[in-house]
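Following: one structure in structure tokens, then a few remarks.
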Amino acid sequence: MVITESGVKNVAKRIYDEVHGYIELSDIELEIVNTPVFQRLRYVKQLATAWYVYPGATHTRFSHSIGAMHIAGIVSSKFYRYGYIYELNDIQLIRLAALLHDIGHTPFSHAIEPFYKYRLGLGHEDISRVIIEESSEIREVLSKHGFDYKEVVAILEGRYKEPLYNQLLSSDVDIDRMDYLIRDALHTGVSYGTIDLQRLITTLVVDGDGNIAVLDKGIDAVDNFYLARMHMYKAVYYHKTLVGYELILRKIYELLHEYYPDELLLFRSIQDIRKAVRNGDIVYWNDDWLLGFMMNVYRSGRVSKELRELIEAFFKRRGYKVVIDISNFSNRSLNVEEDKDVEYIQNVASIVKHVVEEHQMATFVDDIKILDEDIHVVPRVILAGKRSIPITEYNGSIVRYIPRRYHVRRLYVLSSKWSRVVEELKLRGLIQ
Amino acid sequence: MLNKELALIIAKTIKNLGLDKVDVEGFEFRFVIQKVGYVVQKIGCDLGLKFGWYSLGPYSRTLQNYYSVIADILSEESSGDQGVEKGLDKDTERCVEKTLDFLNDYKEYVGELDIRSLEVLASLMMLCTEIYPKPSNPLEELLKRKKGIPLDLAVKTQRFLVDKNICALL
């Protein structure tokens, strides 16, 4: 059986992608892409509100999902040729898992996802599982072509019987990151966020224990991958303004959830999500629905004062503006209870509470992992064609020396209150 | 943000099993946290963790965030602070007790509780209960994946898990 370089047996369609050029789709992939639940991803932006900072960052989960599938095909067909993957059909299985890996993303991706994580304990991976389980269309397409939807779900949850497939979809150097780093760098224009994908894939192998590894001659490509990631965390994913707009959007979503219990797409339980998948409403759960709902609420005249103020601030790009930003790289986890900078932010926030209303301010503390320092998932380096060691222990790699974490501690207030708050804090000698 | 109780449960279990005598900066310590964390979740109480199936057995990405917190709790203990003796509520105490009973039974059954036997135990538990497609013979699957594992340890572990109704009798 002849397969193409990206692992497709019979090419049903080619889609032009801004990152990878022409991407080939098989029959089954085309049928999945044509389902309404997959088309929903055209209306979910990859980087939530990043276009408020980087105007070009309007790309979607749709293009990323297809790009991830393409990379999955290239890597898995290479592994098949090298004998690391035994079944030809598994290339298709891995491509399908990559295609569907983000099917459960919430509107505005990571801006709204934390809401469901804290309220219902559901991340986008859980919602992906629910969508695949409940969507008769997805299940029927998979089944018609001889694939078991439970196998796709198992790979997405990292429970598949082949650890290598789980690693391909979820490890420190996985196909998800390979696509989104390049795509996000391209659309934001953050050029130091890009990676040498071709070199990375060319030097990717599997070691004797079944772990993804890289040949020592490919170490520069892996180093670049990690450095690119570090730059992207700082310049894009945790950019102060961008995070400010994610926070205001999340706050708006919380208030909508509180004030509009009858809105069916403001899901209150996992059962609501299951029901919306079954009756097809899930298709409309996207960025455009949320913006439209916000606009309708704003113009209805029956909106609470704080919600009105926040929606207006969002649409007019007068959202949360950072007052204090203490962000730094570190090799230790952030101990929120004992960290002096977090305590300082909390103290200042308690003062700001007397100057502005609660919805007009927000604190943000996060401890971002730049590098998975765990032997289970960190890529290994093949030395002299034989022994493999974790890249974090390899002297010839810069990965050994890059910081493990990025700590972010910030205090934001609405732009309209920013000058007043800054003035007050200066008067009290709390900021310079 | 971090769940202190989760860290305390795992730290207390590790301490009581005597598995805390390893370099907290090293690989073995992380390995012990991962495997003990998995057993706690399966036997003691739901920690809300998600474990994937990797070449070294069950692994939770979230637990990475707890390595230094657990190390700190264990070092507080050795420095005379409260450490693992910090108060836990009844349910949490029960969770630790159930896990300890299970792991002490296992230790008695196979003769030793170290990182190798923990890896075999946690991996077989995952193969028997969570991996899809379900392997027809989890023991064979384990030996196929992990070539250096002593056969007698693997067989004993399987018998132990059959006795505990976690693996099915083949």
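Residue numbering restarts at 1 for every chain of the structure tokens, chains are lettered A, B, ... in their displayed order, and ligands are numbered from 1 as they appear.
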
(message) Set the distance at 9 Å and use only C-alpha atoms: which residues neighbour stretch 123-133 of chain A once local chain neighbours fewer than 3 positions away are removed? I'd like the list as JSON, numbers by chain.
(response) {"A": [37, 100, 101, 102, 103, 104, 105, 106, 109, 110, 113, 114, 116, 117, 120, 136, 137, 138, 139, 149, 150, 152, 153, 156, 157, 270, 273, 274, 277, 278, 282]}

(message) Applying 9 Å and only C-alpha atoms, which residues near A:Val322 remain after dropping the ones on its own chain fewer than 4 positions away? List them as a PyMOL selection string.
(response) chain A and resi 240-241+244+410-415+418

Using DSSP on the backbone, list every residue of stretch 100-141 of chain B that comes out as alpha helix (DSSP H), and give them as a compact mmCIF listing (two decimals) with C-alpha atoms, in the first residue's frame.
# COMPACT_ATOMS: atom_id res chain seq x y z
CA LEU B 100 -1.07 2.50 53.29
CA ASP B 101 -2.96 -0.72 54.07
CA PHE B 102 -2.93 -1.62 50.38
CA LEU B 103 0.74 -0.82 49.84
CA ASN B 104 1.83 -2.56 53.04
CA ASP B 105 -0.10 -5.66 51.96
CA TYR B 106 1.68 -5.47 48.64
CA LYS B 107 5.04 -5.05 50.32
CA GLU B 108 4.39 -8.15 52.40
CA TYR B 109 3.25 -10.07 49.31
CA VAL B 110 6.26 -9.30 47.09
CA ILE B 115 10.75 2.09 42.79
CA ARG B 116 10.87 -1.04 40.67
CA SER B 117 8.04 -2.82 42.50
CA LEU B 118 6.03 0.43 42.60
CA GLU B 119 6.43 0.77 38.84
CA VAL B 120 5.27 -2.81 38.28
CA LEU B 121 2.32 -2.38 40.63
CA ALA B 122 1.10 0.94 39.24
CA SER B 123 1.62 -0.17 35.63
CA LEU B 124 -0.28 -3.41 36.07
CA MET B 125 -3.10 -1.61 37.86
CA MET B 126 -3.39 0.76 34.93
CA LEU B 127 -3.19 -2.02 32.35
CA CYS B 128 -5.95 -3.95 34.13
CA THR B 129 -8.32 -1.04 34.64
CA PRO B 138 -2.04 -7.45 31.03
CA LEU B 139 0.93 -9.35 32.43
CA GLU B 140 2.20 -10.19 28.94
CA GLU B 141 1.62 -6.60 27.87

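Remark: for chain A, the closest of the candidate residues B:Ile9, B:Val162, B:Leu151, B:Ile131 is B:Ile131 (distances computed over only C-alpha atoms).
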
Where does chain B meet chain A within 9 Å, residue by residue, with the nearest atom pair and distance in Å to one decimal for each, counting only C-alpha atoms, listed by chain and rising number, as JSON lines?
{"residue": "B:Met1", "atom": "CA", "partner": "A:Asp366", "partner_atom": "CA", "distance": 7.6}
{"residue": "B:Leu2", "atom": "CA", "partner": "A:Val336", "partner_atom": "CA", "distance": 8.3}
{"residue": "B:Phe27", "atom": "CA", "partner": "A:Ile375", "partner_atom": "CA", "distance": 7.1}
{"residue": "B:Arg30", "atom": "CA", "partner": "A:Asp374", "partner_atom": "CA", "distance": 7.4}
{"residue": "B:Phe31", "atom": "CA", "partner": "A:Ile375", "partner_atom": "CA", "distance": 8.4}
{"residue": "B:Gly48", "atom": "CA", "partner": "A:Gly121", "partner_atom": "CA", "distance": 8.6}
{"residue": "B:Lys50", "atom": "CA", "partner": "A:Glu157", "partner_atom": "CA", "distance": 8.2}
{"residue": "B:Phe51", "atom": "CA", "partner": "A:Gly158", "partner_atom": "CA", "distance": 7.4}
{"residue": "B:Gly52", "atom": "CA", "partner": "A:Gly158", "partner_atom": "CA", "distance": 4.3}
{"residue": "B:Trp53", "atom": "CA", "partner": "A:Arg159", "partner_atom": "CA", "distance": 5.3}
{"residue": "B:Tyr54", "atom": "CA", "partner": "A:Pro163", "partner_atom": "CA", "distance": 4.6}
{"residue": "B:Ser55", "atom": "CA", "partner": "A:Pro163", "partner_atom": "CA", "distance": 5.7}
{"residue": "B:Leu56", "atom": "CA", "partner": "A:His376", "partner_atom": "CA", "distance": 6.2}
{"residue": "B:Gly57", "atom": "CA", "partner": "A:His376", "partner_atom": "CA", "distance": 8.2}
{"residue": "B:Pro58", "atom": "CA", "partner": "A:His376", "partner_atom": "CA", "distance": 8.9}
{"residue": "B:Tyr59", "atom": "CA", "partner": "A:His376", "partner_atom": "CA", "distance": 6.9}
{"residue": "B:Arg61", "atom": "CA", "partner": "A:Asp372", "partner_atom": "CA", "distance": 8.2}
{"residue": "B:Gln64", "atom": "CA", "partner": "A:Asp374", "partner_atom": "CA", "distance": 7.3}
{"residue": "B:Asn65", "atom": "CA", "partner": "A:Ser333", "partner_atom": "CA", "distance": 6.5}
{"residue": "B:Tyr66", "atom": "CA", "partner": "A:Ser333", "partner_atom": "CA", "distance": 7.9}
{"residue": "B:Tyr67", "atom": "CA", "partner": "A:Ser333", "partner_atom": "CA", "distance": 8.4}
{"residue": "B:Ser68", "atom": "CA", "partner": "A:Ser333", "partner_atom": "CA", "distance": 6.5}
{"residue": "B:Val69", "atom": "CA", "partner": "A:Ser333", "partner_atom": "CA", "distance": 7.7}
{"residue": "B:Met126", "atom": "CA", "partner": "A:Arg159", "partner_atom": "CA", "distance": 8.8}
{"residue": "B:Leu127", "atom": "CA", "partner": "A:Lys161", "partner_atom": "CA", "distance": 8.1}
{"residue": "B:Glu130", "atom": "CA", "partner": "A:Arg159", "partner_atom": "CA", "distance": 6.6}
{"residue": "B:Ile131", "atom": "CA", "partner": "A:Arg159", "partner_atom": "CA", "distance": 5.1}
{"residue": "B:Tyr132", "atom": "CA", "partner": "A:Tyr160", "partner_atom": "CA", "distance": 5.1}
{"residue": "B:Pro133", "atom": "CA", "partner": "A:Lys161", "partner_atom": "CA", "distance": 6.2}
{"residue": "B:Lys134", "atom": "CA", "partner": "A:Lys161", "partner_atom": "CA", "distance": 7.5}
{"residue": "B:Pro135", "atom": "CA", "partner": "A:Lys161", "partner_atom": "CA", "distance": 7.6}
{"residue": "B:Glu141", "atom": "CA", "partner": "A:Lys161", "partner_atom": "CA", "distance": 8.9}
{"residue": "B:Arg145", "atom": "CA", "partner": "A:Asp209", "partner_atom": "CA", "distance": 7.5}
{"residue": "B:Lys146", "atom": "CA", "partner": "A:Asp209", "partner_atom": "CA", "distance": 7.4}
{"residue": "B:Lys147", "atom": "CA", "partner": "A:Asp209", "partner_atom": "CA", "distance": 8.2}

Restricting it to N, CA and C atoms, dump the selection as a CSV table (one decimal), in the first residue's frame.
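result-v7.csv written:
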chain,number,residue,atom,x,y,z
B,1,MET,N,-4.3,26.7,41.0
B,1,MET,CA,-3.3,26.8,42.0
B,1,MET,C,-3.2,25.4,42.7
B,2,LEU,N,-2.2,25.3,43.6
B,2,LEU,CA,-1.9,24.0,44.1
B,2,LEU,C,-2.9,23.6,45.2
B,27,PHE,N,15.6,11.9,40.1
B,27,PHE,CA,14.6,11.3,39.3
B,27,PHE,C,13.7,10.3,40.2
B,30,ARG,N,10.8,11.9,42.1
B,30,ARG,CA,9.6,12.2,41.2
B,30,ARG,C,8.9,10.9,40.8
B,31,PHE,N,9.7,9.9,40.6
B,31,PHE,CA,9.1,8.6,40.2
B,31,PHE,C,8.2,8.1,41.3
B,48,GLY,N,-8.5,13.8,41.8
B,48,GLY,CA,-8.8,14.6,40.6
B,48,GLY,C,-7.7,14.7,39.6
B,50,LYS,N,-5.3,13.3,36.4
B,50,LYS,CA,-5.4,12.5,35.2
B,50,LYS,C,-4.1,11.8,34.9
B,51,PHE,N,-4.1,10.5,34.7
B,51,PHE,CA,-2.9,9.8,34.4
B,51,PHE,C,-2.9,9.3,33.0
B,52,GLY,N,-1.7,9.5,32.4
B,52,GLY,CA,-1.5,8.9,31.0
B,52,GLY,C,-0.7,7.7,31.1
B,53,TRP,N,-0.7,6.9,30.0
B,53,TRP,CA,0.1,5.7,30.0
B,53,TRP,C,1.4,5.9,29.1
B,54,TYR,N,2.5,5.9,29.8
B,54,TYR,CA,3.8,6.2,29.2
B,54,TYR,C,4.7,5.0,29.4
B,55,SER,N,5.9,5.0,28.8
B,55,SER,CA,6.7,3.9,28.8
B,55,SER,C,7.2,3.5,30.3
B,56,LEU,N,7.1,4.5,31.2
B,56,LEU,CA,7.5,4.2,32.6
B,56,LEU,C,6.2,4.0,33.4
B,57,GLY,N,5.1,3.8,32.8
B,57,GLY,CA,3.9,3.6,33.5
B,57,GLY,C,3.0,4.8,33.7
B,58,PRO,N,2.1,4.8,34.7
B,58,PRO,CA,1.2,5.9,34.8
B,58,PRO,C,1.9,7.2,35.2
B,59,TYR,N,1.4,8.3,34.6
B,59,TYR,CA,2.1,9.6,34.8
B,59,TYR,C,1.1,10.7,34.7
B,61,ARG,N,0.8,14.7,34.5
B,61,ARG,CA,1.5,16.0,34.3
B,61,ARG,C,1.3,17.0,35.4
B,64,GLN,N,3.6,17.1,38.5
B,64,GLN,CA,4.9,17.8,38.4
B,64,GLN,C,4.9,19.0,39.2
B,65,ASN,N,3.8,19.7,39.3
B,65,ASN,CA,3.7,20.9,40.1
B,65,ASN,C,3.8,20.7,41.6
B,66,TYR,N,3.8,19.5,42.0
B,66,TYR,CA,3.8,19.2,43.4
B,66,TYR,C,5.2,18.7,43.9
B,67,TYR,N,6.1,18.4,43.0
B,67,TYR,CA,7.4,17.9,43.4
B,67,TYR,C,8.0,18.7,44.5
B,68,SER,N,8.1,20.0,44.3
B,68,SER,CA,8.9,20.8,45.3
B,68,SER,C,8.0,21.0,46.5
B,69,VAL,N,6.7,21.1,46.4
B,69,VAL,CA,5.8,21.2,47.6
B,69,VAL,C,5.9,20.0,48.5
B,126,MET,N,-2.9,0.0,36.0
B,126,MET,CA,-3.4,0.8,34.9
B,126,MET,C,-3.7,-0.1,33.7
B,127,LEU,N,-2.9,-1.1,33.5
B,127,LEU,CA,-3.2,-2.0,32.3
B,127,LEU,C,-4.5,-2.8,32.6
B,130,GLU,N,-7.5,0.6,33.0
B,130,GLU,CA,-7.8,1.9,32.3
B,130,GLU,C,-7.3,1.9,30.8
B,131,ILE,N,-6.4,1.0,30.5
B,131,ILE,CA,-5.9,1.1,29.1
B,131,ILE,C,-6.9,0.6,28.1
B,132,TYR,N,-6.9,1.3,27.0
B,132,TYR,CA,-7.8,0.9,25.9
B,132,TYR,C,-7.0,0.8,24.6
B,133,PRO,N,-7.3,-0.2,23.7
B,133,PRO,CA,-8.1,-1.4,24.0
B,133,PRO,C,-7.5,-2.2,25.1
B,134,LYS,N,-8.4,-2.8,25.9
B,134,LYS,CA,-7.9,-3.6,27.0
B,134,LYS,C,-7.1,-4.8,26.6
B,135,PRO,N,-5.8,-4.9,27.1
B,135,PRO,CA,-5.0,-6.0,26.7
B,135,PRO,C,-5.6,-7.3,27.2
B,141,GLU,N,1.5,-8.0,28.4
B,141,GLU,CA,1.6,-6.6,27.9
B,141,GLU,C,2.7,-5.8,28.7
B,145,ARG,N,6.3,-4.4,27.3
B,145,ARG,CA,6.7,-3.0,27.4
B,145,ARG,C,7.9,-2.7,28.2
B,146,LYS,N,8.1,-3.5,29.3
B,146,LYS,CA,9.2,-3.2,30.2
B,146,LYS,C,10.1,-4.4,30.3
B,147,LYS,N,11.1,-4.4,29.5
B,147,LYS,CA,11.9,-5.6,29.3
B,147,LYS,C,12.8,-6.0,30.5

(request) Skip A:Gln360 itself and residues of its chain fewer than 2 positions away, then list as a ChimeraX atom specification all residues within 8 Å of it, counting only C-alpha atoms. (result) /A:310,320,356-358,362,413-414,417

Written selection (N, CA and C atoms) as a PDB file, in the first residue's frame:
ATOM      1  N   LEU A 310     -18.295  46.407  31.896  1.00  0.00           N
ATOM      2  CA  LEU A 310     -17.265  45.466  31.424  1.00  0.00           C
ATOM      3  C   LEU A 310     -17.412  45.180  29.930  1.00  0.00           C
ATOM      4  N   TYR A 320      -8.980  45.741  31.222  1.00  0.00           N
ATOM      5  CA  TYR A 320      -8.076  45.780  32.373  1.00  0.00           C
ATOM      6  C   TYR A 320      -6.672  46.187  31.921  1.00  0.00           C
ATOM      7  N   VAL A 356     -11.744  51.321  43.885  1.00  0.00           N
ATOM      8  CA  VAL A 356     -12.605  50.951  42.748  1.00  0.00           C
ATOM      9  C   VAL A 356     -13.568  49.846  43.182  1.00  0.00           C
ATOM     10  N   GLU A 357     -14.543  49.564  42.325  1.00  0.00           N
ATOM     11  CA  GLU A 357     -15.472  48.471  42.630  1.00  0.00           C
ATOM     12  C   GLU A 357     -14.824  47.134  42.266  1.00  0.00           C
ATOM     13  N   GLU A 358     -15.377  46.078  42.835  1.00  0.00           N
ATOM     14  CA  GLU A 358     -14.746  44.766  42.704  1.00  0.00           C
ATOM     15  C   GLU A 358     -14.562  44.339  41.245  1.00  0.00           C
ATOM     16  N   ALA A 362      -8.722  43.170  38.931  1.00  0.00           N
ATOM     17  CA  ALA A 362      -8.485  41.720  38.860  1.00  0.00           C
ATOM     18  C   ALA A 362      -7.029  41.428  39.233  1.00  0.00           C
ATOM     19  N   VAL A 413      -6.480  46.951  36.783  1.00  0.00           N
ATOM     20  CA  VAL A 413      -7.744  47.683  37.003  1.00  0.00           C
ATOM     21  C   VAL A 413      -8.263  48.130  35.630  1.00  0.00           C
ATOM     22  N   LEU A 414      -9.524  48.447  35.557  1.00  0.00           N
ATOM     23  CA  LEU A 414     -10.084  48.929  34.290  1.00  0.00           C
ATOM     24  C   LEU A 414      -9.334  50.189  33.845  1.00  0.00           C
ATOM     25  N   LYS A 417     -10.078  53.522  35.278  1.00  0.00           N
ATOM     26  CA  LYS A 417      -9.745  53.781  36.691  1.00  0.00           C
ATOM     27  C   LYS A 417      -8.243  53.764  36.931  1.00  0.00           C
TER      28      LYS A 417
END

(request) For B:Ile14, please output as number ranges by chain all residues within 8 Å (counting only C-alpha atoms; exclusion window: fewer than 3 positions along the same chain). (result) B: 10-11, 17-20, 32-33, 36

C-alpha atoms of the current selection, written as a compact mmCIF listing (two decimals), in the first residue's frame:
# COMPACT_ATOMS: atom_id res chain seq x y z
CA ILE B 10 1.05 11.96 49.02
CA ALA B 11 3.79 13.21 51.36
CA LEU B 17 6.14 3.81 53.66
CA GLY B 18 9.72 4.88 54.30
CA LEU B 19 10.10 5.92 50.66
CA ASP B 20 11.32 9.41 51.54
CA VAL B 32 7.90 7.70 43.67
CA ILE B 33 5.50 10.67 43.75
CA VAL B 36 2.31 6.62 44.87

(request) Would you mind writing down, as a PyMOL selection string, each residue of chain B that DSSP on the backbone assigns to strand (DSSP E or B)? (result) chain B and resi 52-54+57-59+132

(request) Might you pull out every residue within 10 Å of B:Leu47, with only C-alpha atoms counted and same-chain residues fewer than 2 positions away left off, and present them as a VMD selection string? (result) chain B and resid 3 5 to 7 9 to 10 37 to 38 40 to 42 44 to 45 49 to 50 95

What's around A:Leu242 at 8 Å? Count only C-alpha atoms, leave out sequence neighbours fewer than 4 positions away in its own chain, and write the answer as a PDB file with N, CA and C atoms, in the first residue's frame.
ATOM      1  N   THR A  49      -8.067  36.315  22.906  1.00  0.00           N
ATOM      2  CA  THR A  49      -8.127  37.759  22.675  1.00  0.00           C
ATOM      3  C   THR A  49      -6.789  38.344  22.208  1.00  0.00           C
ATOM      4  N   ALA A  50      -5.897  37.489  21.736  1.00  0.00           N
ATOM      5  CA  ALA A  50      -4.557  37.970  21.359  1.00  0.00           C
ATOM      6  C   ALA A  50      -4.609  39.022  20.253  1.00  0.00           C
ATOM      7  N   TYR A  52      -6.185  41.574  20.205  1.00  0.00           N
ATOM      8  CA  TYR A  52      -6.214  42.919  20.791  1.00  0.00           C
ATOM      9  C   TYR A  52      -4.797  43.473  20.946  1.00  0.00           C
ATOM     10  N   VAL A  53      -3.818  42.566  20.902  1.00  0.00           N
ATOM     11  CA  VAL A  53      -2.423  42.982  21.023  1.00  0.00           C
ATOM     12  C   VAL A  53      -1.707  42.775  19.693  1.00  0.00           C
ATOM     13  N   VAL A 236       3.703  36.276  24.129  1.00  0.00           N
ATOM     14  CA  VAL A 236       2.335  36.102  23.628  1.00  0.00           C
ATOM     15  C   VAL A 236       1.398  35.549  24.704  1.00  0.00           C
ATOM     16  N   TYR A 237       1.597  34.290  25.091  1.00  0.00           N
ATOM     17  CA  TYR A 237       0.580  33.614  25.903  1.00  0.00           C
ATOM     18  C   TYR A 237       0.332  34.303  27.252  1.00  0.00           C
ATOM     19  N   TYR A 238       1.363  34.931  27.813  1.00  0.00           N
ATOM     20  CA  TYR A 238       1.182  35.625  29.098  1.00  0.00           C
ATOM     21  C   TYR A 238       1.507  37.112  28.987  1.00  0.00           C
ATOM     22  N   GLU A 246      -8.230  38.578  28.480  1.00  0.00           N
ATOM     23  CA  GLU A 246      -8.772  37.249  28.816  1.00  0.00           C
ATOM     24  C   GLU A 246      -9.522  37.322  30.153  1.00  0.00           C
TER      25      GLU A 246
END

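Our summary of the geometry notes that atom CA of A:Ser26 is positioned 5.7 Å from atom CA of A:Asn10.
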
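Atom pair atom CA of A:Glu140 / atom CA of A:His59: separated by 29.0 Å.
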
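Computed from the coordinates, the atom CA of A:Lys144 to atom CA of A:Asn89 distance equals 14.3 Å.
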